[in-house]
Every structure is written in structure tokens, then in C-alpha cells.
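Novice: One structure, pasted below without further comment.
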Amino acid sequence: MNSAAGFTSQDSATRISVGDALTPEDVSASSAVAAEDTARYALMLGDDCLILAQRLGNWISRAPELEEDIALGNIALDLLGHARFFLTYAGSAWGKSEDDLAYFRDEEDFRSCRLVEQDNGDFGKTIARQLIFSFYTHELYSRLVDSADATLAAIADKALKEVDYHQDHAAQWLLRLGGGTAESSRRVQAGLDAAWPYVEELFADVEPTERLAEQGVAVLPSALREPVLDRLHAIITEAGLNPPEAKGAFGADRSGRFSEHRGFILAEMQVLARQHPGASW
């Protein structure tokens with residue numbers, strides 16, 4: 001997989017150090033091998049980023065203005081970079097590459113949250129989804145930089161710098177749309193209402209996060225709920241919109257059983273690799 005994002009190991013091959021130059025290739029070359037639970041956790045985080053990157057890529061040539069074509073494309077590339085880091089590290093536990101995990105797993109094997117799988121809809125709906133996910137990942141990575149796992153901490157450190165921009169981009173658009181015309185306000189409110197049933201899934205303490213959080217490796221999802229929702233409610237209210245009160249959608253367990261969108265996303269994303277396995281470009 002290709003990305004504009006970057007990361008570099010400065011130490012020996014046994015360590016990944018925090019820094020702007022870290023690359024997925026450095027994670028792969030490192031002798032650090034993820035433990036089984038850590039790999040499952042990294043896979044979950046990587047799948048979120050990979051699926052959302054694919055969704056955002058569909059905006060290229062379709063955004064409401066040229067500048068947004070570029071902005072959404074760049075955010076997609078950042079997310080693809082984050083996915084590469086997490087999937088590369090996850091694959092170290094099973095002798096698999098990032099491409100193996102991205103292109104040659106079936107849909108029920110993915111552990112992405114359903115928020116990132118929702119269709120783009122109109123621009124207001126995409127911004128609502130971006131707002132929620134970027135506020136969530138910003139809080140997550142802000143805590144994951146202190147992980148007892150050095151590789152996860154390094155990935156979070158790099159990703160956090162980029163998510164700073166992602167959340168600012170989404171927040172500024174929410175304020176602009178919410179305070180714009182009656183139609184722009186209606187559409188972004190509809191986007192928030194459509195995305196909200198999938199918010200609670202972000203905070204579900206599914207395995208193996210509980211065990212890893214006790215070890216200081218992972219961030220307990222439920223611990224993110226209050227700070228993320230507080231920030232979301234504040235910016236939504238500032239935009240003159242109403243924080244949704246929709247109940248969570250059924251099946252908040254990241255089991256891969258409850259997504260109606262993922263198969264269609266993967267069919268498009270995986271077709272080339274599956275038709276021409278081993279090909280490079």
C-alpha cells in the first residue's frame with residue numbers, strides 16, 4: 001500500500017523510536033514482534049483507518065470545490081499511512097505483511113468500527129463522520145503515546161500530529177455549515193443524526209482492549225467516552241446545531257457480523273490485488 005505519510009527507526013532494529021521520519025518499512029524491518037493481543041488491537045485500529053481512507057478516496061474529483069478535493073485526499077493518505085503502520089505491526093505476530101491483511105482477508109475478518117464504513121452521502125454527512133472520528137482518534141492517540149508498547153507509542157505519536165489537522169478541518173467545516181444557510185445547516189445536522197447511532201461502538205470495551213489496558217499497552221475505549229462526547233457536544237452547540245440523542249445501533253462488538261457496507265468497500269479495494277496477486281507497481 002502506498003501513502004504520503006511517513007515514520008523512522010533511529011535505534012537498532014529491535015526498537016522503534018518516536019519521530020517524524022518513521023516509515024512502515026521501519027516497523028517491518030524492526031525485530032519487534034507484536035504479542036497476540038497487541039496484534040489484535042493494532043489490527044482493529046488499522047482497519048478503522050484503512051476503511052475510512054477508502055471511503056474518503058471516493059471524494060476525489062467529487063468534492064464541492066477543488067481545495068476540498070485536495071484536503072480530503074490528503075486526509076485519506078494520512079489515514080492510509082496510519083493503517084500501514086498498524087497493519088504492519090499486527091502482521092508481525094502472524095508472519096503477514098500489511099498487504100496480506102489489507103487485501104486478502106474476507107469481510108468478516110475485519111474489525112473496523114461501523115462509523116467509518118458508512119457511505120459518504122453528501123458533504124455534510126462526510127464532515128459529520130470526520131468530526132466524530134477525528135475527535136475520537138485525537139483523544140485515543142493522545143493517550144496511546146504513553147503506551148507500554150514502544151511501537152504503538154511511536155505510531156500514535158506520528159498519527160497524532162496529523163489528526164491535529166483532521167479534527168481542525170472537520171470542526172471548521174462544521175462551524176461553517178452549521179452557521180451558513182438553512183440548507184447547509186439542515187444537511188450537516190442530518191449527517192450528525194445519521195452517524196450518531198455508531199458512536200457508542202467506539203467506546204465499547206471489547207477484547208482484547210481490557211486486558212491490554214490493564215497492562216498499560218492499550219487505551220480502554222470506555223475511558224474515552226466522556227472527554228470525546230464533551231468536546232463533540234461543545235463544537236456541535238457552537239455551530240448552532242443539536243447534539244443527537246439517537247440510541248446506539250445493535251451489535252457494538254467489532255465482530256465483523258453486523259456491517260452491511262464492508263463487503264462492497266472491500267470488493268472495490270481488493271479487486272486488483274486479488275486478480276493479480278504478487279503484482280507490484
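Identifiers in the C-alpha cells: chain A, B, ... in order shown; residue index from 1 per chain; ligand index from 1 in order shown.
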Neighbours of Phe104 (chain A) within 10 Å (only C-alpha atoms; same-chain residues fewer than 3 positions away dropped), as a PyMOL selection string?
Specialist: chain A and resi 98-101+107+109+266+270-271+273-274+277
Novice: Only N, CA and C atoms, please: the residues just picked out, written as a tab-separated table (two decimals), in the first residue's frame.
Specialist:
chain	number	residue	atom	x	y	z
A	98	GLU	N	1.48	-6.06	5.52
A	98	GLU	CA	0.35	-5.13	5.51
A	98	GLU	C	-0.58	-5.43	4.33
A	99	ASP	N	-0.01	-5.80	3.18
A	99	ASP	CA	-0.83	-6.12	2.02
A	99	ASP	C	-1.65	-7.39	2.23
A	100	ASP	N	-1.06	-8.38	2.90
A	100	ASP	CA	-1.82	-9.60	3.22
A	100	ASP	C	-3.07	-9.25	4.01
A	101	LEU	N	-2.89	-8.40	5.00
A	101	LEU	CA	-4.01	-8.07	5.88
A	101	LEU	C	-5.02	-7.14	5.22
A	107	GLU	N	-14.42	-10.17	4.49
A	107	GLU	CA	-15.05	-9.07	5.21
A	107	GLU	C	-15.31	-9.38	6.68
A	109	ASP	N	-13.49	-10.92	8.62
A	109	ASP	CA	-12.22	-10.91	9.35
A	109	ASP	C	-11.77	-9.50	9.73
A	266	LEU	N	-14.76	-3.50	0.37
A	266	LEU	CA	-13.63	-4.39	0.11
A	266	LEU	C	-13.62	-4.91	-1.32
A	270	GLN	N	-10.09	-4.42	-2.94
A	270	GLN	CA	-9.25	-5.61	-3.06
A	270	GLN	C	-9.19	-6.21	-4.45
A	271	VAL	N	-9.99	-5.71	-5.37
A	271	VAL	CA	-10.14	-6.41	-6.65
A	271	VAL	C	-8.83	-6.54	-7.41
A	273	ALA	N	-5.62	-6.46	-6.33
A	273	ALA	CA	-4.66	-7.35	-5.67
A	273	ALA	C	-5.08	-8.81	-5.80
A	274	ARG	N	-6.37	-9.07	-5.76
A	274	ARG	CA	-6.83	-10.45	-5.85
A	274	ARG	C	-6.79	-10.99	-7.28
A	277	PRO	N	-2.40	-11.32	-7.88
A	277	PRO	CA	-1.63	-11.48	-6.63
A	277	PRO	C	-0.14	-11.44	-6.88
Novice: Can you tell me, as a ChimeraX atom specification, what residues are no more than 8 Å from region 124-140 of chain A when counting only C-alpha atoms, ignoring any on the same chain fewer than 3 positions away?
Specialist: /A:115-116,120-121,143-144,160,163-164,166-167,170-171,173-174,177,184,187-192,194-195,199,202,219,224,227-228,231-232
Novice: If we count only C-alpha atoms, what is near Gln215 (chain A) at a cut-off of 12 Å, once residues fewer than 5 positions away on the same chain are taken out, given as a list in words?
Specialist: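 Residues near the query, excluding close chain neighbours: Asp37, Thr38, Asp146, Ser147, Ala148, Asp149, Pro208, Thr209, Glu210 and Leu220 of chain A.
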Novice: For the residues in the current selection, export N, CA and C atoms as a JSON list (two decimals), in the first residue's frame.
Specialist:
[["chain", "number", "residue", "atom", "x", "y", "z"],
["A", 37, "ASP", "N", -2.37, -10.48, 21.59],
["A", 37, "ASP", "CA", -3.39, -9.50, 21.95],
["A", 37, "ASP", "C", -3.07, -8.13, 21.37],
["A", 38, "THR", "N", -1.80, -7.75, 21.41],
["A", 38, "THR", "CA", -1.40, -6.45, 20.87],
["A", 38, "THR", "C", -1.64, -6.40, 19.37],
["A", 146, "ASP", "N", 1.62, 7.14, 25.42],
["A", 146, "ASP", "CA", 2.23, 6.68, 26.66],
["A", 146, "ASP", "C", 2.13, 5.17, 26.82],
["A", 147, "SER", "N", 1.83, 4.46, 25.75],
["A", 147, "SER", "CA", 1.69, 3.01, 25.81],
["A", 147, "SER", "C", 2.98, 2.35, 26.26],
["A", 148, "ALA", "N", 2.83, 1.26, 26.99],
["A", 148, "ALA", "CA", 3.99, 0.47, 27.39],
["A", 148, "ALA", "C", 4.61, -0.25, 26.21],
["A", 149, "ASP", "N", 3.89, -0.32, 25.10],
["A", 149, "ASP", "CA", 4.42, -0.91, 23.87],
["A", 149, "ASP", "C", 5.06, 0.21, 23.05],
["A", 208, "PRO", "N", -9.30, -7.46, 22.77],
["A", 208, "PRO", "CA", -8.51, -7.63, 24.00],
["A", 208, "PRO", "C", -8.19, -6.32, 24.70],
["A", 209, "THR", "N", -8.97, -5.26, 24.46],
["A", 209, "THR", "CA", -8.57, -3.95, 24.98],
["A", 209, "THR", "C", -8.55, -3.90, 26.49],
["A", 210, "GLU", "N", -9.47, -4.62, 27.14],
["A", 210, "GLU", "CA", -9.49, -4.57, 28.61],
["A", 210, "GLU", "C", -8.21, -5.14, 29.20],
["A", 220, "LEU", "N", -8.24, 2.05, 27.25],
["A", 220, "LEU", "CA", -9.57, 1.49, 27.46],
["A", 220, "LEU", "C", -10.60, 2.36, 26.75]]
Novice: Excluding region 85-88 of chain A and any residue of its chain fewer than 6 positions from it, enumerate the residues within 6 Å of it, using only C-alpha atoms, and give them as a list in words.
Specialist: Pro24, Ala42, Leu43, Gly46, Ser97 and Glu98 of chain A
Novice: Okay, now the selection with N, CA and C atoms, as a CSV table (one decimal), in the first residue's frame?
Specialist:
chain,number,residue,atom,x,y,z
A,24,PRO,N,6.5,2.8,7.6
A,24,PRO,CA,6.0,1.5,7.8
A,24,PRO,C,7.1,0.4,7.5
A,42,ALA,N,-3.9,-3.7,17.4
A,42,ALA,CA,-3.3,-2.9,16.3
A,42,ALA,C,-4.2,-3.1,15.0
A,43,LEU,N,-4.6,-4.4,14.8
A,43,LEU,CA,-5.5,-4.7,13.7
A,43,LEU,C,-6.8,-3.9,13.7
A,46,GLY,N,-5.9,-0.3,12.8
A,46,GLY,CA,-5.6,-0.2,11.4
A,46,GLY,C,-6.7,-0.3,10.5
A,97,SER,N,2.2,-9.6,5.9
A,97,SER,CA,2.5,-8.2,5.5
A,97,SER,C,1.3,-7.4,5.6
A,98,GLU,N,1.5,-6.1,5.5
A,98,GLU,CA,0.3,-5.1,5.5
A,98,GLU,C,-0.6,-5.4,4.3
Novice: So which one's closest to Gly251 (chain A), A:Asp168, A:Asp193, A:Glu201, A:Asp106? Using only C-alpha atoms, please.
Specialist: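 Using only C-alpha atoms, Gly251 (chain A) sits closest to A:Glu201.
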Novice: Pull the helix (DSSP H, G or I) assignments for region 72-259 of chain A out of DSSP run on the backbone, and list those residues as a VMD selection string.
Specialist: chain A and resid 72 to 91 98 to 103 107 to 109 114 to 117 123 to 144 150 to 178 182 to 198 200 to 203 209 to 214 221 to 238
Novice: Name the closest residue to Leu72 (chain A) among the candidates A:Arg84, A:His169, A:Lys158, A:Lys247; distances are taken between atoms, counting only C-alpha atoms.
Specialist: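 That would be A:His169, the residue with the smallest distance to Leu72 (chain A).
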Novice: I'd like to know which of A:Ile75, A:Ala249, A:Ile51, A:Ala239 is closest to Phe264 (chain A), using only C-alpha atoms.
Specialist: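 Among A:Ile75, A:Ala249, A:Ile51, A:Ala239, it is A:Ile51 that comes nearest to Phe264 (chain A).
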Novice: Counting only C-alpha atoms, which residue out of A:Pro197, A:Trp94, A:Tyr89, A:Ala279 sits closest to Ala154 (chain A)?
Specialist: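 Using only C-alpha atoms, the shortest distance to Ala154 (chain A) belongs to A:Tyr89.
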Novice: Could you tell me which of A:Ser259, A:Thr237, A:Gln275, A:Thr151 comes closest to Glu117 (chain A) if we count only C-alpha atoms?
Specialist: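 Among A:Ser259, A:Thr237, A:Gln275, A:Thr151, it is A:Ser259 that comes nearest to Glu117 (chain A).
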